[in-house]
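*Asks:* My questions will all concern the structure given below.
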There are 4 protein chains.
Amino acid sequence: MQAVVIHAAKDLRIEERDFKGLRDGEVRVRIEFGGICGSDLHYFLHGGFGAVRLREPMILGHEISGVITQVGPALDGVATNLKTGDRVAVSPSRPCGKCRYCRAEKFNHCLDMRFYGSAMPMPHIQGAFRQELAVDAAQCHPISRDVMPQMAPFAEPLAVVLHAFERAGSVAGKSVLITGCGPIGALAVLVARAKGAAKITAVDILDPVLKVAETLGADHMINAQQTSDWAKKYAKDKGSFDVMIEASGSADAVLSGLEVLRPQAVLVQLGLGGTAEVPLTAIAAREIEMRGAFRFHKEFAQAVAMINEGQLNLAPLLSATFGFREANKAFDLAADRTRSMKVQLDFS
Amino acid sequence: MQAVVIHAAKDLRIEERDFKGLRDGEVRVRIEFGGICGSDLHYFLHGGFGAVRLREPMILGHEISGVITQVGPALDGVATNLKTGDRVAVSPSRPCGKCRYCRAEKFNHCLDMRFYGSAMPMPHIQGAFRQELAVDAAQCHPISRDVMPQMAPFAEPLAVVLHAFERAGSVAGKSVLITGCGPIGALAVLVARAKGAAKITAVDILDPVLKVAETLGADHMINAQQTSDWAKKYAKDKGSFDVMIEASGSADAVLSGLEVLRPQAVLVQLGLGGTAEVPLTAIAAREIEMRGAFRFHKEFAQAVAMINEGQLNLAPLLSATFGFREANKAFDLAADRTRSMKVQLDFS
Amino acid sequence: MQAVVIHAAKDLRIEERDFKGLRDGEVRVRIEFGGICGSDLHYFLHGGFGAVRLREPMILGHEISGVITQVGPALDGVATNLKTGDRVAVSPSRPCGKCRYCRAEKFNHCLDMRFYGSAMPMPHIQGAFRQELAVDAAQCHPISRDVMPQMAPFAEPLAVVLHAFERAGSVAGKSVLITGCGPIGALAVLVARAKGAAKITAVDILDPVLKVAETLGADHMINAQQTSDWAKKYAKDKGSFDVMIEASGSADAVLSGLEVLRPQAVLVQLGLGGTAEVPLTAIAAREIEMRGAFRFHKEFAQAVAMINEGQLNLAPLLSATFGFREANKAFDLAADRTRSMKVQLDFS
Amino acid sequence: MQAVVIHAAKDLRIEERDFKGLRDGEVRVRIEFGGICGSDLHYFLHGGFGAVRLREPMILGHEISGVITQVGPALDGVATNLKTGDRVAVSPSRPCGKCRYCRAEKFNHCLDMRFYGSAMPMPHIQGAFRQELAVDAAQCHPISRDVMPQMAPFAEPLAVVLHAFERAGSVAGKSVLITGCGPIGALAVLVARAKGAAKITAVDILDPVLKVAETLGADHMINAQQTSDWAKKYAKDKGSFDVMIEASGSADAVLSGLEVLRPQAVLVQLGLGGTAEVPLTAIAAREIEMRGAFRFHKEFAQAVAMINEGQLNLAPLLSATFGFREANKAFDLAADRTRSMKVQLDFS
């Protein structure tokens, strides 16, 4: 079997790996498609991010889907009902189930998380950009026959976004601000619409990106580079927005948000980034709620359900698909925000 | 009638004022006691805070209690059941009831709030450090005969703290961190205990203040000036605290808190202050919730209920009581954190 | 000024009443339209309901809108910004603001509620089916010029339904069951759709009523009289619905609902009715939440906002409009569920 | 190894069983103590309950604790940190992790739950009243050396009660009604106290049971058989209680509760029982929330934490301990509510 392996910044190789067989409770999945995520790009461009650095070769990838080719014997008669031939989206969330946070059902904060393609622990957690994968049945979520196969890997970033909205509380009838409109912010536009937001305002620094946000249903688009004082207009009467999904990791976005959010509004911090010089009095006196959102767990099943029911128009997000042997080309395109949203690899 | 009037920093005078009679729905209250709050002190010491500056003489005070001496005719047969002779705590929260935020029942964010003793609007909202006051029946909360009269004005700061705990969510069985242990932080210790907190850790920079926190029920006391690296010990395993009540307004306290809070912990920002250079990735990846808390509305009634039921041991918070004609002495003592917690004026 | 006055069952008269002038904080409204509600019909058909009986003549009506003709002097400079000529929907919710429940911001449970057109207290609370009304500014919610005037009185039943959804929690992505599809149930279909429900199933015992539900966006329609065992199909795998809005007050509907709701589903009981023989083990073991919903308060402003933004297609709900002098004809039509949904009176 | 096996009503035997060895992720536990629960009693007295009937011999028991005697090799280096010699409480909650409800983190509603000692599925799920047990590491919760070993099995019923309070929402400062004061209701008294309830009223039909409730901290005790009209007094002004924990399964208790609960109060239905003729209008108009509570999952860890920290005085609940070979005597005593609360078996 072959896999997409990162050795160092800009050193991405196609290499042979063994398939190690099934353990109790596992099924074998032949991977079809894999989406390139921002963290994959960080390894590719910079060899890591912050304190997290590549210290050994690592298979990349965690947005994946495929077809079940074998079901282990231990799964007979279990409520899973997975069978050979099923197309599935595979959740990369693999909490230990035993630590303090797992026992409190805060699985995304597991102390022993084995999220695919992460250089945080040593040895690194190998990723899922490979032709074959043994996965726990609980990670497999069947995709309907009616769904275009390339839509399946979107379950992962969609789960990230659904978790952010879980953190945000209801947006129905509310005015929603989304800062940063790459794949995550763009999915946030779709989800805000599906959850009944009254008005969606999208902010980014690139016009092509905002164009996609408009296609997906944003009501107002703001280029924060061209209109750097955009916040002023929305700040009167104690603010204009009830909910903000911050998907840029930019301090400017956060600080503008604190000016334009209404009293008791919720700012969901999804973007990772540096520091922001937050005015404590604004937080206190307007009773803003700033809530972090990180990965997901149960939301993966919800994401698959929404994809199966066709609730979201995901097609405009898919920019291109490359055979996995052309991974370097695919990563180059994915790195260019002016030309691409989501780029996928084809493993079949 | 006489009143305590601030003209400028350090220029506090006792002056004569008229009593203007009752309007529909009002009762007349002879004030007994008034507590000096941090904002009163700001006007006294600095003539204001931030952009808020004294532009005309203003009666100070908003933590008050007294006895009803007259009930207006329009109140006959109303469910209020207030009568002459009742001792009442008077809520200073006077929202307009008509603006966007009042209609959404976010009364503490009223666009026309007439909170006693505030120089924010012009003309200023005159305060309640005076011998007589006409107040709306809805502001009056009867105090039980069993309660020592000086405890009644504590309803106001207690309402502030109860609102902060309303924002925090349940603390039962949880590990609570309180930073800044002046009157507000000290009340937070009492309330955390009453609401079933498992462990309470109090942080301040003055030992006498921490001593009071201990008396009130804090389990651990930390002097952040003497042990500046205290956070290190509490940061392991992703943190040690579930809830933090930030009552200091200090950036150091906020940043230490972000290190020692567990995933999905809640930081209630109650202290007003400058800016803090917040690491966005800590907020996002540990899913911290930073929520502002500002004033109160419905919590005033809860505060009075707790005082009437004797649920809290408030006595250690009362440092001294001065006749209102000695207001300058009282304010000088209140300004010295090493020697006082709450200082009251006696108007009777 | 003339008013629509009920004297006893089937004894509805048009009578002359005086306009009593404005009190502090009030505006004068010339009524344009009034919708006939189920409780109005109960007085008309039966002289009351349950223990509530007419004991003196009473003006009916509480779903009303009109145009402001005078603004009292006490309202100058207040954040309300109401002015002569504004079209407004008038909220009939008039809590006392002073009782235990008002102080806890549970205004719909006010002990002294003066909801228009109610025979519960004696003297009765006179209603709003009249040509002129003096109302508190806080009750007035401006209607946009773009909205067809007849849509304005729908703010009241819509507020009832929005409160029910507030009680229900989020319905986004969920499977919603609505039992009883008269005006309230029909509005529930619209609101469920607007708030992102994935699937809406509507149950009633009349086909014409279900036809309207379909027009408004219900996905499945069930005639519970023709298919009395409909629940069986939806009961497997521990149930099919996440949220149920019960708007019929029928025990059959409640008991069927308990069979088809999933674990931890929410059943909002909006319909008033008799008793239902509830199986305690079903509630306990499947952890159903049965929550009452009654009237509204802050939701009136939300309802007006949704009407102003054109979020809901209300037109199919309006069956007919009669001049108020033809009130008897209007009430006869409103009483016939096979021929009408909402019937309005025109006071202009 | 020996086990306590039920063959039919009143036919309880001590029999030999094999220990089958450890699977991946499991540890071996030598059982020390086991508490007899209401469902164990139902099998013993009646051979089952409702439709659930014994169809083959079944080991009873699910409230157990013991000492780890072997840790499987697959657990090396996992965050669990369990080691030989640790005393542990063993959670009987064994959801499949793969079904629809597990994926939604509603583990207590698992479609394939293997809760110890249940005759619901066929073959029955064998219980834990035996000398040796192989359990998944995630089921094991270490008990502190400071805790009396007999307190460890209380983790299970305490988890049931903590889950009920999770369903109830905060009780801090509230007035709590507990109906049915056997072991579950008695634990509810302790938990309500620990979580800051202002007032606790306990209702039962036996004075000795109420006596224990008083010892544990109830403020008022009501014998509902002697004072059958007790509800009348508490029904005025729309009710007296904010939260009710219904642990009797009696229709009388539920109906009395609906009379004495305040608007928007929460009734947690924990007791299993027959039907109750619920007045729909009371639910709707007073907006009562009736919420089921069933078993637990994450609350087991919380229960152990509270036991380890000594937050609850459990000792008054333990009536007697018998060697497991005297199981028949133990079950006879446990069946007599006038003479016992919790009866334990000793397996060491």
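Chain labels follow the order of the structure tokens: the first chain is A, the next B, and so on; residue numbering restarts at 1 in every chain, and ligands are counted from 1 in their shown order.
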When DSSP is applied to the backbone of this structure, which of segment 65-128 of chain C are assigned alpha helix (DSSP H)? Write them out as a PDB file with all heavy atoms, in the first residue's frame.
*Replies:*
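Output file result.pdb is given in full below:
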```pdb
ATOM      1  N   ARG C 100     -43.465  38.813  42.675  1.00  0.00           N
ATOM      2  CA  ARG C 100     -42.366  37.857  42.762  1.00  0.00           C
ATOM      3  C   ARG C 100     -41.895  37.345  41.397  1.00  0.00           C
ATOM      4  O   ARG C 100     -40.696  37.228  41.140  1.00  0.00           O
ATOM      5  CB  ARG C 100     -42.874  36.681  43.603  1.00  0.00           C
ATOM      6  CG  ARG C 100     -41.950  35.575  43.831  1.00  0.00           C
ATOM      7  CD  ARG C 100     -42.209  34.968  45.199  1.00  0.00           C
ATOM      8  NE  ARG C 100     -43.492  34.311  45.287  1.00  0.00           N
ATOM      9  CZ  ARG C 100     -43.648  32.980  45.281  1.00  0.00           C
ATOM     10  NH1 ARG C 100     -42.579  32.213  45.195  1.00  0.00           N
ATOM     11  NH2 ARG C 100     -44.821  32.433  45.389  1.00  0.00           N
ATOM     12  N   TYR C 101     -42.832  37.026  40.510  1.00  0.00           N
ATOM     13  CA  TYR C 101     -42.442  36.456  39.224  1.00  0.00           C
ATOM     14  C   TYR C 101     -41.903  37.520  38.275  1.00  0.00           C
ATOM     15  O   TYR C 101     -40.979  37.262  37.510  1.00  0.00           O
ATOM     16  CB  TYR C 101     -43.603  35.665  38.623  1.00  0.00           C
ATOM     17  CG  TYR C 101     -43.921  34.460  39.471  1.00  0.00           C
ATOM     18  CD1 TYR C 101     -45.037  34.412  40.292  1.00  0.00           C
ATOM     19  CD2 TYR C 101     -43.036  33.384  39.503  1.00  0.00           C
ATOM     20  CE1 TYR C 101     -45.284  33.325  41.113  1.00  0.00           C
ATOM     21  CE2 TYR C 101     -43.275  32.290  40.319  1.00  0.00           C
ATOM     22  CZ  TYR C 101     -44.394  32.265  41.127  1.00  0.00           C
ATOM     23  OH  TYR C 101     -44.611  31.185  41.934  1.00  0.00           O
ATOM     24  N   CYS C 102     -42.469  38.714  38.328  1.00  0.00           N
ATOM     25  CA  CYS C 102     -41.927  39.798  37.498  1.00  0.00           C
ATOM     26  C   CYS C 102     -40.487  40.116  37.906  1.00  0.00           C
ATOM     27  O   CYS C 102     -39.623  40.322  37.058  1.00  0.00           O
ATOM     28  CB  CYS C 102     -42.778  41.054  37.636  1.00  0.00           C
ATOM     29  SG  CYS C 102     -44.344  40.932  36.746  1.00  0.00           S
ATOM     30  N   ARG C 103     -40.237  40.137  39.201  1.00  0.00           N
ATOM     31  CA  ARG C 103     -38.883  40.450  39.655  1.00  0.00           C
ATOM     32  C   ARG C 103     -37.888  39.379  39.244  1.00  0.00           C
ATOM     33  O   ARG C 103     -36.695  39.646  39.118  1.00  0.00           O
ATOM     34  CB  ARG C 103     -38.873  40.606  41.171  1.00  0.00           C
ATOM     35  CG  ARG C 103     -39.511  41.923  41.566  1.00  0.00           C
ATOM     36  CD  ARG C 103     -39.657  42.075  43.043  1.00  0.00           C
ATOM     37  NE  ARG C 103     -40.305  43.357  43.318  1.00  0.00           N
ATOM     38  CZ  ARG C 103     -40.367  43.928  44.497  1.00  0.00           C
ATOM     39  NH1 ARG C 103     -39.822  43.327  45.537  1.00  0.00           N
ATOM     40  NH2 ARG C 103     -40.961  45.080  44.654  1.00  0.00           N
TER      41      ARG C 103
END
```
*Asks:* Taking only C-alpha atoms into account, produce a table as a tab-separated table in which each residue of chain B with an atom at most 6 Å from an atom of chain C appears once, together with its shortest atom pair and the distance in Å to one decimal, ordered by chain and rising number.
*Replies:*
```
residue	atom	partner	partner_atom	distance
B:Ala79	CA	C:Cys99	CA	5.5
B:Thr80	CA	C:Lys98	CA	5.7
B:Lys98	CA	C:Ala138	CA	4.7
B:Cys99	CA	C:Ala79	CA	5.5
B:Arg103	CA	C:Lys298	CA	5.7
B:Ala104	CA	C:Lys298	CA	5.3
B:Ala138	CA	C:Lys98	CA	4.8
B:Lys298	CA	C:Ala104	CA	5.3
```
*Asks:* For the selection you just gave me, I'd like the residues written to a file as a JSON list (two decimals), in the first residue's frame, keeping C-alpha atoms.
*Replies:*
```
[["chain", "number", "residue", "atom", "x", "y", "z"],
["B", 79, "ALA", "CA", -49.22, 42.58, 44.52],
["B", 80, "THR", "CA", -46.27, 44.57, 45.94],
["B", 98, "LYS", "CA", -38.80, 50.56, 26.47],
["B", 99, "CYS", "CA", -35.53, 50.24, 24.54],
["B", 103, "ARG", "CA", -37.65, 44.48, 25.47],
["B", 104, "ALA", "CA", -35.27, 41.55, 25.17],
["B", 138, "ALA", "CA", -40.47, 47.66, 42.05],
["B", 298, "LYS", "CA", -33.33, 40.30, 38.74]]
```
*Asks:* Just want the 7 Å neighbourhood of segment 40-43 of chain C, counted on only C-alpha atoms, with same-chain residues fewer than 2 positions away dropped. Output as a list in words.
*Replies:* Ala9, Ile36, Cys37, Gly38, Leu45, His46, Gly47, Gly48, Phe49, Leu60, Gly61, Phe331 and Ala335 of chain C
*Asks:* Using DSSP assignments from the backbone, pull out every residue in segment 93-161 of chain C that falls under strand (DSSP E or B) and give it to me as a ChimeraX atom specification.
*Replies:* /C:118,125,130,132-136,140-142
